[in-house]
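The file start_1.cif comes next; it holds mmCIF, C-alpha atoms.
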```
data_coords
#
loop_
_atom_site.label_atom_id
_atom_site.label_comp_id
_atom_site.auth_asym_id
_atom_site.auth_seq_id
_atom_site.Cartn_x
_atom_site.Cartn_y
_atom_site.Cartn_z
CA MET A 1 1.07 -16.11 -111.86
CA THR A 2 -1.81 -16.59 -109.40
CA VAL A 3 -4.09 -17.87 -112.22
CA LEU A 4 -1.55 -20.48 -113.24
CA LEU A 5 -1.11 -21.67 -109.68
CA SER A 6 -4.89 -21.85 -109.17
CA GLY A 7 -5.19 -23.92 -112.35
CA GLY A 8 -2.47 -26.22 -111.08
CA TYR A 9 -4.21 -26.63 -107.74
CA LEU A 10 -7.47 -27.49 -109.51
CA PHE A 11 -5.75 -29.98 -111.77
CA PHE A 12 -4.12 -31.66 -108.77
CA ALA A 13 -7.43 -31.84 -106.91
CA LEU A 14 -9.26 -33.32 -109.93
CA ALA A 15 -6.55 -35.92 -110.42
CA LEU A 16 -6.76 -36.95 -106.77
CA ALA A 17 -10.58 -37.12 -106.90
CA ALA A 18 -10.38 -39.25 -110.07
CA LEU A 19 -8.09 -41.71 -108.28
CA PHE A 20 -10.61 -42.14 -105.45
CA TRP A 21 -13.46 -42.56 -107.96
CA ARG A 22 -11.58 -45.27 -109.86
CA ALA A 23 -10.91 -46.98 -106.61
CA GLU A 24 -14.72 -47.40 -106.44
CA ALA A 25 -15.06 -45.10 -103.49
CA GLY A 26 -18.01 -43.40 -105.18
CA TRP A 27 -18.87 -39.90 -106.32
CA GLY A 28 -19.34 -38.66 -102.80
CA ALA A 29 -15.81 -39.58 -101.75
CA GLY A 30 -14.38 -38.14 -104.96
CA ALA A 31 -16.13 -34.82 -104.40
CA ALA A 32 -14.93 -34.65 -100.82
CA VAL A 33 -11.38 -35.33 -101.87
CA LEU A 34 -11.69 -32.64 -104.57
CA VAL A 35 -12.86 -30.01 -102.10
CA GLY A 36 -10.34 -31.01 -99.44
CA ALA A 37 -7.44 -31.00 -101.86
CA LEU A 38 -8.39 -27.56 -103.20
CA GLY A 39 -8.73 -26.19 -99.67
CA LEU A 40 -5.39 -27.64 -98.66
CA CYS A 41 -3.63 -26.25 -101.71
CA PHE A 42 -5.01 -22.76 -101.25
CA SER A 43 -4.24 -22.82 -97.52
CA VAL A 44 -0.63 -23.74 -98.19
CA HIS A 45 -0.49 -21.08 -100.91
CA ASN A 46 -1.79 -18.40 -98.53
CA MET A 47 0.71 -19.43 -95.83
CA ILE A 48 3.61 -19.19 -98.29
CA ALA A 49 2.38 -15.85 -99.68
CA ARG A 50 1.96 -14.42 -96.15
CA GLY A 51 5.45 -15.53 -95.21
CA SER A 52 6.89 -13.89 -98.32
CA SER A 53 5.00 -10.65 -97.58
CA MET A 54 6.32 -10.60 -94.03
CA GLY A 55 9.88 -11.01 -95.35
CA ASP A 56 9.41 -8.09 -97.72
CA LEU A 57 7.93 -6.05 -94.91
CA ARG A 58 10.89 -6.88 -92.66
CA LYS A 59 13.27 -5.79 -95.43
CA GLU A 60 11.36 -2.52 -95.89
CA LEU A 61 11.43 -1.90 -92.14
CA ALA A 62 15.17 -2.57 -92.09
CA SER A 63 15.64 -0.12 -94.99
CA LEU A 64 13.57 2.48 -93.16
CA ARG A 65 15.68 2.02 -90.02
CA ASP A 66 18.87 2.49 -92.06
CA ALA A 67 17.46 5.62 -93.74
CA HIS A 68 16.38 6.97 -90.37
CA GLY A 69 19.87 6.40 -89.01
CA LEU A 70 21.45 8.22 -91.98
CA LEU A 71 18.99 11.11 -91.61
CA THR A 72 19.75 11.32 -87.89
CA ASP A 73 23.51 11.44 -88.62
CA GLN A 74 22.99 14.17 -91.22
CA LEU A 75 20.84 16.18 -88.84
CA GLU A 76 23.51 15.88 -86.16
CA GLU A 77 26.20 17.01 -88.64
CA THR A 78 24.00 19.91 -89.76
CA GLN A 79 23.37 20.92 -86.17
CA ALA A 80 27.09 20.81 -85.44
CA ALA A 81 27.81 22.94 -88.55
CA ILE A 82 25.16 25.45 -87.49
CA GLU A 83 26.68 25.66 -84.03
CA ILE A 84 30.16 26.20 -85.51
CA LEU A 85 28.80 28.90 -87.85
CA SER A 86 26.98 30.55 -84.99
CA ASP A 87 30.13 30.59 -82.87
CA SER A 88 32.12 31.98 -85.81
CA LEU A 89 29.58 34.75 -86.45
CA HIS A 90 29.52 35.56 -82.75
CA ARG A 91 33.31 35.81 -82.60
CA GLU A 92 33.40 37.88 -85.82
CA THR A 93 30.74 40.23 -84.45
CA GLU A 94 32.67 40.64 -81.22
CA ALA A 95 35.91 41.27 -83.14
CA LYS A 96 34.22 43.92 -85.32
CA ALA A 97 32.70 45.55 -82.26
CA GLN A 98 36.08 45.64 -80.53
CA ALA A 99 37.74 47.06 -83.64
CA LEU A 100 35.07 49.73 -83.95
CA THR A 101 35.42 50.59 -80.26
CA HIS A 102 39.19 50.87 -80.68
CA GLU A 103 38.77 53.14 -83.71
CA VAL A 104 36.31 55.36 -81.88
CA ARG A 105 38.68 55.67 -78.92
CA LEU A 106 41.56 56.61 -81.22
CA LEU A 107 39.42 59.21 -82.95
CA GLU A 108 38.24 60.62 -79.63
CA SER A 109 41.85 60.85 -78.48
CA LEU A 110 42.85 62.68 -81.66
CA VAL A 111 39.89 65.05 -81.52
CA THR A 112 40.70 65.85 -77.88
CA LYS A 113 44.33 66.48 -78.77
CA LEU A 114 43.28 68.64 -81.70
CA GLY A 115 40.92 70.62 -79.48
CA ASP A 116 43.57 71.19 -76.83
CA THR A 117 46.03 72.36 -79.46
CA LEU A 118 43.51 74.72 -80.97
CA ASP A 119 42.48 76.13 -77.58
CA GLU A 120 46.11 76.89 -76.83
CA GLU A 121 46.56 78.57 -80.20
CA LEU A 122 43.37 80.58 -79.78
CA ALA A 123 44.52 81.81 -76.39
CA ALA A 124 47.89 82.75 -77.87
CA ALA A 125 46.22 84.50 -80.81
CA GLN A 126 43.95 86.45 -78.51
CA LEU A 127 46.95 87.50 -76.45
CA ARG A 128 48.76 88.66 -79.59
CA VAL A 129 45.68 90.61 -80.66
CA SER A 130 45.45 92.28 -77.23
CA GLN A 131 49.13 93.17 -77.26
CA SER A 132 49.04 94.46 -80.81
CA ALA A 133 45.95 96.53 -80.10
CA ALA A 134 47.95 98.53 -77.58
CA SER A 135 50.71 99.28 -80.07
CA ALA A 136 50.88 101.48 -83.10
CA TYR A 137 50.99 98.44 -85.35
CA ALA A 138 47.66 97.05 -84.22
CA PRO A 139 45.93 97.62 -87.60
CA THR A 140 48.65 95.59 -89.30
CA TYR A 141 48.76 92.52 -87.10
CA ALA A 142 45.38 92.25 -85.39
CA PRO A 143 43.34 91.47 -88.55
CA ARG A 144 45.87 88.87 -89.62
CA ASP A 145 45.74 87.11 -86.25
CA HIS A 146 41.96 87.34 -86.25
CA GLN A 147 41.78 85.78 -89.73
CA ALA A 148 44.09 82.94 -88.69
CA THR A 149 41.95 82.34 -85.61
CA LEU A 150 38.79 82.14 -87.70
CA LEU A 151 40.47 79.79 -90.15
CA MET A 152 41.55 77.47 -87.32
CA HIS A 153 37.95 77.49 -86.09
CA THR A 154 36.81 76.51 -89.58
CA VAL A 155 39.31 73.65 -89.78
CA ARG A 156 38.29 72.30 -86.40
CA GLU A 157 34.58 72.48 -87.23
CA ALA A 158 35.12 70.76 -90.58
CA LEU A 159 36.85 67.86 -88.84
CA SER A 160 34.41 67.53 -85.95
CA GLU A 161 31.34 67.81 -88.21
CA ASN A 162 32.60 65.32 -90.83
CA ARG A 163 33.05 67.90 -93.61
CA VAL A 164 36.13 66.29 -95.10
CA ASP A 165 36.05 64.68 -98.56
CA LEU A 166 38.32 61.98 -99.98
CA TYR A 167 39.31 62.35 -103.62
CA LEU A 168 40.86 59.49 -105.61
CA GLN A 169 42.92 59.77 -108.78
CA PRO A 170 43.78 56.66 -110.82
CA VAL A 171 47.33 55.44 -111.27
CA VAL A 172 47.45 53.39 -114.49
CA SER A 173 49.79 50.82 -115.95
CA LEU A 174 51.67 51.79 -119.10
CA PRO A 175 51.09 51.32 -121.96
CA GLN A 176 47.83 49.45 -121.17
CA ARG A 177 46.35 52.36 -119.14
CA ARG A 178 44.63 49.96 -116.80
CA THR A 179 43.87 51.36 -113.33
CA MET A 180 46.11 49.57 -110.82
CA TYR A 181 46.20 52.02 -107.90
CA TYR A 182 44.58 55.20 -106.64
CA GLU A 183 46.16 58.22 -105.00
CA SER A 184 44.04 59.81 -102.29
CA TYR A 185 43.61 63.52 -101.62
CA SER A 186 41.65 65.37 -98.94
CA ARG A 187 39.47 68.46 -99.18
CA LEU A 188 37.71 70.44 -96.42
CA ARG A 189 34.30 72.08 -96.71
CA ASP A 190 33.31 75.09 -94.61
CA GLU A 191 29.90 75.47 -93.00
CA SER A 192 28.45 76.86 -96.24
CA GLY A 193 29.59 73.77 -98.18
CA ARG A 194 32.35 75.56 -100.09
CA VAL A 195 35.34 73.31 -100.82
CA MET A 196 38.56 74.60 -99.27
CA MET A 197 41.82 73.67 -100.98
CA PRO A 198 44.93 72.86 -98.90
CA ALA A 199 46.64 76.05 -100.07
CA GLU A 200 43.90 78.03 -98.37
CA TYR A 201 44.13 76.62 -94.85
CA LEU A 202 47.56 74.96 -94.79
CA THR A 203 49.51 78.00 -93.63
CA ALA A 204 47.16 78.70 -90.72
CA ALA A 205 47.25 75.03 -89.70
CA GLU A 206 51.05 74.99 -89.76
CA THR A 207 51.27 78.26 -87.84
CA GLY A 208 48.90 76.90 -85.23
CA GLY A 209 50.87 73.66 -84.83
CA MET A 210 47.86 71.63 -85.98
CA ILE A 211 49.44 69.79 -88.91
CA SER A 212 50.40 66.75 -86.85
CA SER A 213 46.98 66.44 -85.22
CA ILE A 214 45.11 66.92 -88.49
CA ASP A 215 47.45 64.59 -90.35
CA ASN A 216 47.09 61.88 -87.70
CA MET A 217 43.31 62.09 -87.61
CA LEU A 218 42.96 61.94 -91.38
CA LEU A 219 45.51 59.15 -91.60
CA LEU A 220 43.38 57.00 -89.32
CA ARG A 221 40.27 57.80 -91.35
CA CYS A 222 42.14 56.81 -94.52
CA VAL A 223 43.01 53.45 -92.97
CA GLN A 224 39.38 52.87 -92.05
CA ILE A 225 38.30 53.60 -95.63
CA VAL A 226 40.99 51.45 -97.23
CA ARG A 227 40.03 48.55 -94.95
CA ARG A 228 36.49 48.73 -96.31
CA LEU A 229 37.60 49.10 -99.93
CA SER A 230 40.09 46.24 -99.72
CA LYS A 231 37.35 43.75 -98.81
CA ALA A 232 35.77 44.14 -102.22
CA GLU A 233 38.86 44.42 -104.45
CA ARG A 234 42.21 43.63 -102.88
CA LYS A 235 44.16 44.11 -106.08
CA ILE A 236 43.58 47.87 -106.01
CA GLY A 237 46.06 49.74 -103.80
CA ILE A 238 45.77 53.27 -102.46
CA PHE A 239 48.63 55.74 -101.95
CA CYS A 240 48.12 57.55 -98.66
CA ASN A 241 50.31 60.52 -97.71
CA VAL A 242 51.89 60.49 -94.26
CA SER A 243 53.85 63.38 -92.79
CA LEU A 244 57.20 63.17 -91.09
CA ALA A 245 55.51 64.62 -87.99
CA SER A 246 53.13 61.65 -87.83
CA LEU A 247 55.97 59.14 -88.10
CA GLY A 248 57.79 60.90 -85.27
CA ASP A 249 54.78 61.42 -83.00
CA GLU A 250 55.53 59.16 -80.02
CA THR A 251 52.07 59.77 -78.57
CA PHE A 252 50.01 58.90 -81.61
CA PHE A 253 52.17 56.41 -83.48
CA PRO A 254 52.03 53.55 -80.89
CA GLN A 255 48.21 53.68 -81.06
CA PHE A 256 48.32 53.79 -84.84
CA LEU A 257 50.75 50.86 -84.95
CA GLU A 258 48.49 48.85 -82.65
CA PHE A 259 45.56 49.58 -84.95
CA LEU A 260 47.47 48.41 -88.05
CA THR A 261 48.68 45.30 -86.21
CA GLN A 262 45.04 44.31 -85.75
CA HIS A 263 44.38 44.88 -89.46
CA LYS A 264 47.37 43.36 -91.26
CA ASP A 265 45.13 42.62 -94.23
CA LEU A 266 45.55 46.28 -95.18
CA ALA A 267 49.23 45.75 -95.98
CA GLY A 268 48.47 44.74 -99.57
CA SER A 269 46.20 47.71 -100.20
CA LEU A 270 47.70 50.68 -98.36
CA ILE A 271 50.94 52.37 -99.48
CA PHE A 272 52.27 55.16 -97.27
CA GLU A 273 53.67 58.09 -99.24
CA LEU A 274 56.37 60.45 -98.03
CA GLY A 275 58.01 63.40 -99.80
CA GLN A 276 61.63 63.09 -100.91
CA GLU A 277 62.73 65.88 -98.60
CA GLY A 278 60.92 64.34 -95.62
CA PHE A 279 62.39 60.92 -96.35
CA GLU A 280 65.91 62.30 -96.48
CA MET A 281 65.34 64.33 -93.27
CA ARG A 282 63.96 61.42 -91.24
CA GLY A 283 65.67 60.80 -87.93
CA ALA A 284 66.15 57.71 -85.78
CA VAL A 285 62.57 57.77 -84.45
CA GLU A 286 60.99 58.10 -87.89
CA THR A 287 63.28 55.42 -89.34
CA ARG A 288 62.39 53.03 -86.52
CA ASN A 289 58.67 53.62 -86.94
CA MET A 290 58.89 53.09 -90.69
CA ALA A 291 60.65 49.80 -90.00
CA ARG A 292 57.82 48.78 -87.66
CA LEU A 293 55.28 49.40 -90.40
CA ALA A 294 57.46 47.47 -92.85
CA GLU A 295 57.53 44.49 -90.46
CA LEU A 296 53.73 44.37 -90.73
CA GLY A 297 54.06 44.20 -94.52
CA PHE A 298 53.27 47.82 -95.38
CA ARG A 299 55.09 49.47 -98.27
CA PHE A 300 56.20 53.04 -98.92
CA SER A 301 56.32 55.49 -101.80
CA ILE A 302 58.41 58.61 -102.36
CA ASP A 303 56.90 61.64 -104.11
CA LYS A 304 57.67 65.35 -104.53
CA VAL A 305 60.92 64.28 -106.18
CA THR A 306 63.27 67.03 -107.31
CA ALA A 307 66.42 64.96 -107.99
CA LEU A 308 66.74 61.43 -109.39
CA ASP A 309 70.09 60.56 -107.78
CA PHE A 310 68.59 58.34 -105.05
CA ASP A 311 70.43 56.03 -102.72
CA PHE A 312 68.53 52.99 -104.00
CA ALA A 313 70.04 50.69 -101.40
CA ASP A 314 68.61 52.94 -98.67
CA LEU A 315 65.22 52.96 -100.41
CA ALA A 316 65.20 49.17 -100.63
CA ARG A 317 66.11 48.79 -96.94
CA SER A 318 63.23 51.09 -96.05
CA GLN A 319 60.70 49.05 -98.08
CA VAL A 320 60.17 51.86 -100.57
CA LYS A 321 58.50 50.18 -103.53
CA PHE A 322 57.44 53.22 -105.59
CA VAL A 323 59.07 56.49 -106.64
CA LYS A 324 56.69 59.08 -108.09
CA VAL A 325 58.25 61.74 -110.29
CA THR A 326 56.47 64.44 -112.25
CA ALA A 327 56.63 64.01 -116.01
CA GLU A 328 58.44 67.34 -116.31
CA VAL A 329 61.23 66.42 -113.87
CA LEU A 330 61.53 62.92 -115.31
CA LEU A 331 61.85 64.08 -118.92
CA ASN A 332 64.08 67.04 -118.13
CA GLN A 333 66.59 65.10 -116.07
CA LEU A 334 66.72 61.95 -118.20
CA LEU A 335 66.24 63.13 -121.79
CA ASP A 336 68.32 66.30 -121.47
CA ASP A 337 71.94 65.16 -121.87
CA HIS A 338 73.27 68.35 -120.30
CA ALA A 339 71.03 68.03 -117.24
CA ARG A 340 71.89 64.35 -116.86
CA ALA A 341 75.61 65.12 -117.08
CA MET A 342 75.24 67.46 -114.08
CA VAL A 343 74.21 64.51 -111.87
CA PRO A 344 77.15 62.17 -111.17
CA ALA A 345 74.89 59.16 -110.66
CA LEU A 346 73.16 59.72 -114.02
CA LYS A 347 75.81 61.06 -116.38
CA ASP A 348 77.02 57.60 -117.50
CA LEU A 349 73.52 56.11 -117.51
CA HIS A 350 71.46 55.83 -120.68
CA HIS A 351 68.07 57.50 -120.25
CA ALA A 352 66.17 54.26 -121.00
CA ASP A 353 68.08 52.36 -118.29
CA TYR A 354 66.89 54.39 -115.30
CA ALA A 355 63.61 52.47 -114.92
CA ALA A 356 65.51 49.19 -115.15
CA LEU A 357 67.88 50.45 -112.43
CA THR A 358 65.00 51.13 -110.06
CA ARG A 359 63.42 47.73 -110.79
CA ARG A 360 66.65 45.96 -109.89
CA HIS A 361 66.11 47.37 -106.39
CA GLY A 362 62.45 46.33 -106.34
CA ILE A 363 61.18 49.87 -107.02
CA GLU A 364 58.64 50.92 -109.67
CA LEU A 365 58.68 54.35 -111.29
CA VAL A 366 55.42 56.32 -111.51
CA ALA A 367 55.33 59.30 -113.84
CA GLU A 368 52.82 61.77 -112.38
CA LYS A 369 51.20 65.01 -113.56
CA ILE A 370 50.90 63.70 -117.11
CA GLU A 371 48.79 66.21 -119.01
CA HIS A 372 49.40 65.49 -122.73
CA GLU A 373 49.69 62.48 -125.06
CA ARG A 374 53.10 63.71 -126.20
CA GLN A 375 54.40 63.23 -122.68
CA VAL A 376 53.16 59.64 -122.73
CA VAL A 377 55.17 58.91 -125.87
CA ASP A 378 58.38 60.21 -124.27
CA ILE A 379 57.67 58.42 -120.98
CA LEU A 380 57.13 55.12 -122.80
CA ASP A 381 60.60 55.56 -124.33
CA LEU A 382 61.90 55.59 -120.73
CA GLU A 383 60.08 52.27 -120.07
CA VAL A 384 58.26 53.68 -117.04
CA GLY A 385 55.68 51.20 -115.77
CA PHE A 386 53.00 53.50 -114.34
CA GLY A 387 51.46 56.89 -115.06
CA GLN A 388 49.24 59.37 -113.24
CA GLY A 389 47.73 62.69 -114.24
CA ARG A 390 44.69 64.46 -115.59
CA LEU A 391 45.17 62.72 -118.93
CA PHE A 392 44.15 59.44 -117.28
CA GLY A 393 41.57 60.87 -114.89
CA GLU A 394 41.13 63.82 -112.57
CA PRO A 395 40.78 63.42 -108.79
CA ARG A 396 37.14 62.73 -107.98
CA ALA A 397 35.32 62.50 -104.69
CA ILE A 398 33.99 59.23 -103.33
CA ARG A 399 30.38 58.88 -102.29
CA ASP A 400 29.44 57.49 -98.88
CA SER A 401 27.62 54.58 -100.54
CA VAL A 402 30.76 53.63 -102.46
CA LEU A 403 32.79 53.64 -99.27
CA ALA A 404 30.24 51.50 -97.48
CA ASP A 405 29.87 48.82 -100.17
CA ALA A 406 32.66 48.69 -102.74
CA PRO A 407 35.63 50.55 -104.24
CA PRO A 408 35.38 52.68 -107.36
CA THR A 409 35.34 50.77 -110.63
CA ALA A 410 38.86 50.01 -111.79
CA ALA A 411 38.17 49.44 -115.46
CA THR A 412 38.72 52.94 -116.82
CA PRO A 413 39.49 56.43 -115.52
CA ASP A 414 35.99 57.49 -116.62
CA ALA A 415 34.55 55.12 -114.03
CA ALA A 416 36.16 57.00 -111.15
CA PRO A 417 33.91 57.84 -108.20
CA VAL A 418 31.76 60.94 -108.22
CA ALA A 419 31.33 63.67 -105.69
CA GLY A 420 29.88 63.21 -102.22
CA PRO A 421 30.80 64.00 -98.61
CA VAL A 422 32.77 61.69 -96.37
CA ILE A 423 35.72 61.84 -93.95
CA ARG A 424 38.94 61.21 -95.82
CA LYS A 425 42.71 60.90 -95.82
CA PRO A 426 45.91 62.73 -94.81
CA ASN A 427 47.15 64.96 -97.58
CA TRP A 428 47.66 68.21 -95.77
CA ARG A 429 51.17 68.95 -96.97
CA ARG A 430 50.20 68.51 -100.61
CA VAL A 431 48.89 71.55 -102.45
CA SER A 432 46.12 70.79 -104.93
CA ARG A 433 47.17 69.58 -108.30
#
```
Any chance you could give the structure as structure tokens?
Amino acid sequence: MTVLLSGGYLFFALALAALFWRAEAGWGAGAAVLVGALGLCFSVHNMIARGSSMGDLRKELASLRDAHGLLTDQLEETQAAIEILSDSLHRETEAKAQALTHEVRLLESLVTKLGDTLDEELAAAQLRVSQSAASAYAPTYAPRDHQATLLMHTVREALSENRVDLYLQPVVSLPQRRTMYYESYSRLRDESGRVMMPAEYLTAAETGGMISSIDNMLLLRCVQIVRRLSKAERKIGIFCNVSLASLGDETFFPQFLEFLTQHKDLAGSLIFELGQEGFEMRGAVETRNMARLAELGFRFSIDKVTALDFDFADLARSQVKFVKVTAEVLLNQLLDDHARAMVPALKDLHHADYAALTRRHGIELVAEKIEHERQVVDILDLEVGFGQGRLFGEPRAIRDSVLADAPPTAATPDAAPVAGPVIRKPNWRRVSR
């Protein structure tokens, strides 16, 4: 483009010089006109080019100012987002710290209560030993009291030194056999590391009046564990045994209720389980406290079932969503026509309609203690929705690392957690399966 313009300027200058030459001005005038015309043309060209460059520069500067403004706005938005995130993290940290402080205080309160109870029982046991030593029956009673005293010592040390393990057993859907829930069990270990089954220490704990304290402490630990597990996989629920004594404990229960109120997110993952006898024996206090838990969204389950003639309306009012019956009781009472005829509520009911009856009241049947495939075939004929037992997976202990990071794998019973020590859940009235 510049070459063409230069050629044009030269042509114009030559034409102008030729005009002067023809006008007989001479070669000198023609040459002067040629040089002057070329200089003028290039001067005008440079002025125009400089003006165009300045316009482009102004446009670029304007674009840079606009980009700077956009970048400034984005930086301000980013800074605001960082401040919001920082405030959120600060509030979350404070909330976690307060929750942890509250948990620690509850545990300290329970440990203190447990210690006071044990001290009283030890004093009483020592008094009984002293009295029996002065009688002719001392050899009969003194060793027994001494053994109970030692066993209470062992229980207290296991709790205070974190020698309590949580075992989980899968509860599967039928017929798919997909793990949908877990039932939790607790085991104590003595100072040598030997696992103590509930049948071994339960009698001494009941005699010493420690069941409520132990149950309450383990119940709180179970809630802490479920809260951690539920963060990783909310669809997996855990059945957690609760004693009638815990529901009626006016000292502990308000603290426990306050704790659950602060952690309502547990309602979808934690199912409180109560024996049939305990449920039917509940009084006004226990009924009221169950209703308070139900208001927070928590559900209940009934186990240790001996008779299937439930008051389903009462179960529904109490937010009971599961009834767990052993395979033996379920098959005997529903498939045996004679046994079913002995129960007025079941004699006119077809055996395959019982599960449908419970579902109409919002209750799912769980057949537990399933040991053989033949039992599964019969239970499927009853259209029971869930099964539990050694056939689907034995109770296995959870490792500390699993509790800290994620729940046990829910794909198959074989993926259940493996052994390892950790404080666990309330299951003190249940003898090992």
Suppose a student applies the PyMOL selection byres ((chain A and resi 274-284) around 7) to this structure; what residues should they get, written as a PDB file with C-alpha atoms, in the frame of the given file?
```pdb
ATOM      1  CA  ASN A 241      50.310  60.520 -97.710  1.00  0.00           C
ATOM      2  CA  VAL A 242      51.890  60.490 -94.260  1.00  0.00           C
ATOM      3  CA  SER A 243      53.850  63.380 -92.790  1.00  0.00           C
ATOM      4  CA  LEU A 244      57.200  63.170 -91.090  1.00  0.00           C
ATOM      5  CA  PHE A 272      52.270  55.160 -97.270  1.00  0.00           C
ATOM      6  CA  GLU A 273      53.670  58.090 -99.240  1.00  0.00           C
ATOM      7  CA  VAL A 285      62.570  57.770 -84.450  1.00  0.00           C
ATOM      8  CA  GLU A 286      60.990  58.100 -87.890  1.00  0.00           C
ATOM      9  CA  THR A 287      63.280  55.420 -89.340  1.00  0.00           C
ATOM     10  CA  ARG A 288      62.390  53.030 -86.520  1.00  0.00           C
ATOM     11  CA  SER A 301      56.320  55.490-101.800  1.00  0.00           C
ATOM     12  CA  ILE A 302      58.410  58.610-102.360  1.00  0.00           C
ATOM     13  CA  ASP A 303      56.900  61.640-104.110  1.00  0.00           C
ATOM     14  CA  LYS A 304      57.670  65.350-104.530  1.00  0.00           C
ATOM     15  CA  VAL A 305      60.920  64.280-106.180  1.00  0.00           C
TER      16      VAL A 305
END
```
Let me have the centre and edge lengths in Å, one decimal, of the box along x, y and z around every listed atom of range 283-293 of chain A with 8 Å of margin on each side, as JSON.
```
{"center_x": 60.7, "center_y": 54.8, "center_z": -87.6, "size_x": 26.9, "size_y": 28.0, "size_z": 22.2}
```
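Taking CA of Arg177 in chain A and CA of Arg396 in chain A as the two end points, the separation is 17.8 Å.
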query = Rounded to one decimal in Å, what is the spacing between CA of Asp311 in chain A and CA of Thr358 in chain A?
reply =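 Pair CA of Asp311 in chain A / CA of Thr358 in chain A returns 10.4 Å.
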What is the distance between CA of Leu270 in chain A and CA of Met197 in chain A, in Å to one decimal?
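Computing the Euclidean distance for CA of Leu270 in chain A and CA of Met197 in chain A yields 23.9 Å.
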Contacts of Gln388 in chain A within 10 Å, only C-alpha atoms, excl. fewer than 4 positions in-chain, as a ChimeraX atom specification: /A:169-174,177,179,181-183,324-327,366-371,392-394
Let's have the selection written as a PDB file, keeping the file's coordinate frame, with C-alpha atoms.
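Final file, result-v1.pdb:
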```pdb
ATOM      1  CA  GLN A 169      42.920  59.770-108.780  1.00  0.00           C
ATOM      2  CA  PRO A 170      43.780  56.660-110.820  1.00  0.00           C
ATOM      3  CA  VAL A 171      47.330  55.440-111.270  1.00  0.00           C
ATOM      4  CA  VAL A 172      47.450  53.390-114.490  1.00  0.00           C
ATOM      5  CA  SER A 173      49.790  50.820-115.950  1.00  0.00           C
ATOM      6  CA  LEU A 174      51.670  51.790-119.100  1.00  0.00           C
ATOM      7  CA  ARG A 177      46.350  52.360-119.140  1.00  0.00           C
ATOM      8  CA  THR A 179      43.870  51.360-113.330  1.00  0.00           C
ATOM      9  CA  TYR A 181      46.200  52.020-107.900  1.00  0.00           C
ATOM     10  CA  TYR A 182      44.580  55.200-106.640  1.00  0.00           C
ATOM     11  CA  GLU A 183      46.160  58.220-105.000  1.00  0.00           C
ATOM     12  CA  LYS A 324      56.690  59.080-108.090  1.00  0.00           C
ATOM     13  CA  VAL A 325      58.250  61.740-110.290  1.00  0.00           C
ATOM     14  CA  THR A 326      56.470  64.440-112.250  1.00  0.00           C
ATOM     15  CA  ALA A 327      56.630  64.010-116.010  1.00  0.00           C
ATOM     16  CA  VAL A 366      55.420  56.320-111.510  1.00  0.00           C
ATOM     17  CA  ALA A 367      55.330  59.300-113.840  1.00  0.00           C
ATOM     18  CA  GLU A 368      52.820  61.770-112.380  1.00  0.00           C
ATOM     19  CA  LYS A 369      51.200  65.010-113.560  1.00  0.00           C
ATOM     20  CA  ILE A 370      50.900  63.700-117.110  1.00  0.00           C
ATOM     21  CA  GLU A 371      48.790  66.210-119.010  1.00  0.00           C
ATOM     22  CA  PHE A 392      44.150  59.440-117.280  1.00  0.00           C
ATOM     23  CA  GLY A 393      41.570  60.870-114.890  1.00  0.00           C
ATOM     24  CA  GLU A 394      41.130  63.820-112.570  1.00  0.00           C
TER      25      GLU A 394
END
```
When the PyMOL selection byres ((chain A and resi 262-266) around 8) is applied to the file above, which residues end up in the set, as a list in words? Val223, Val226, Arg227, Ser230, Glu258, Phe259, Leu260, Thr261, Ala267, Gly268, Ser269, Leu270, Leu296, Gly297 and Phe298 of chain A
Using all atoms listed in the file, the shortest atom-to-atom distance to Gly193 in chain A among A:Asn162, A:Gln176, A:Asn46, A:Thr78 belongs to A:Asn162
Using the chain letters and residue numbers of this document, give as a ChimeraX atom specification the residues selected by the PyMOL selection byres ((chain A and resi 158-161) around 8). /A:111,154-157,162-164,188-191,423
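Candidate residues A:Asp249, A:Arg65, A:Pro175, A:Met152 were compared for distance to Asp381 in chain A, and the nearest is A:Pro175, using only C-alpha atoms.
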For Arg359 in chain A: contacts at 12 Å, only C-alpha atoms, fewer than 5 positions along chain excluded, given as a list in words: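 Near neighbours after the sequence-gap exclusion: Phe312, Ala313, Leu315, Ala316, Val320, Lys321, Phe322, Val323, Asp353, Tyr354, Glu364, Leu365, Val366, Glu383, Val384 and Gly385 of chain A.
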Is there a way to complete range 265-269 of chain A with N, CA and C atoms and then write that out as an mmCIF file, keeping the file's coordinate frame?
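To be explicit, this is the file written out as selection21.cif:
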```
data_model
loop_
_atom_site.group_PDB
_atom_site.id
_atom_site.type_symbol
_atom_site.label_atom_id
_atom_site.label_comp_id
_atom_site.auth_asym_id
_atom_site.auth_seq_id
_atom_site.Cartn_x
_atom_site.Cartn_y
_atom_site.Cartn_z
ATOM 1 N N ASP A 265 45.628 42.831 -92.877
ATOM 2 C CA ASP A 265 45.130 42.620 -94.230
ATOM 3 C C ASP A 265 45.211 43.882 -95.079
ATOM 4 N N LEU A 266 45.418 45.028 -94.436
ATOM 5 C CA LEU A 266 45.550 46.280 -95.180
ATOM 6 C C LEU A 266 46.901 46.409 -95.874
ATOM 7 N N ALA A 267 47.861 45.583 -95.481
ATOM 8 C CA ALA A 267 49.230 45.750 -95.980
ATOM 9 C C ALA A 267 49.303 45.659 -97.503
ATOM 10 N N GLY A 268 48.428 44.861 -98.113
ATOM 11 C CA GLY A 268 48.470 44.740 -99.570
ATOM 12 C C GLY A 268 47.743 45.848 -100.291
ATOM 13 N N SER A 269 47.029 46.689 -99.564
ATOM 14 C CA SER A 269 46.200 47.710 -100.200
ATOM 15 C C SER A 269 46.618 49.135 -99.885
#
```
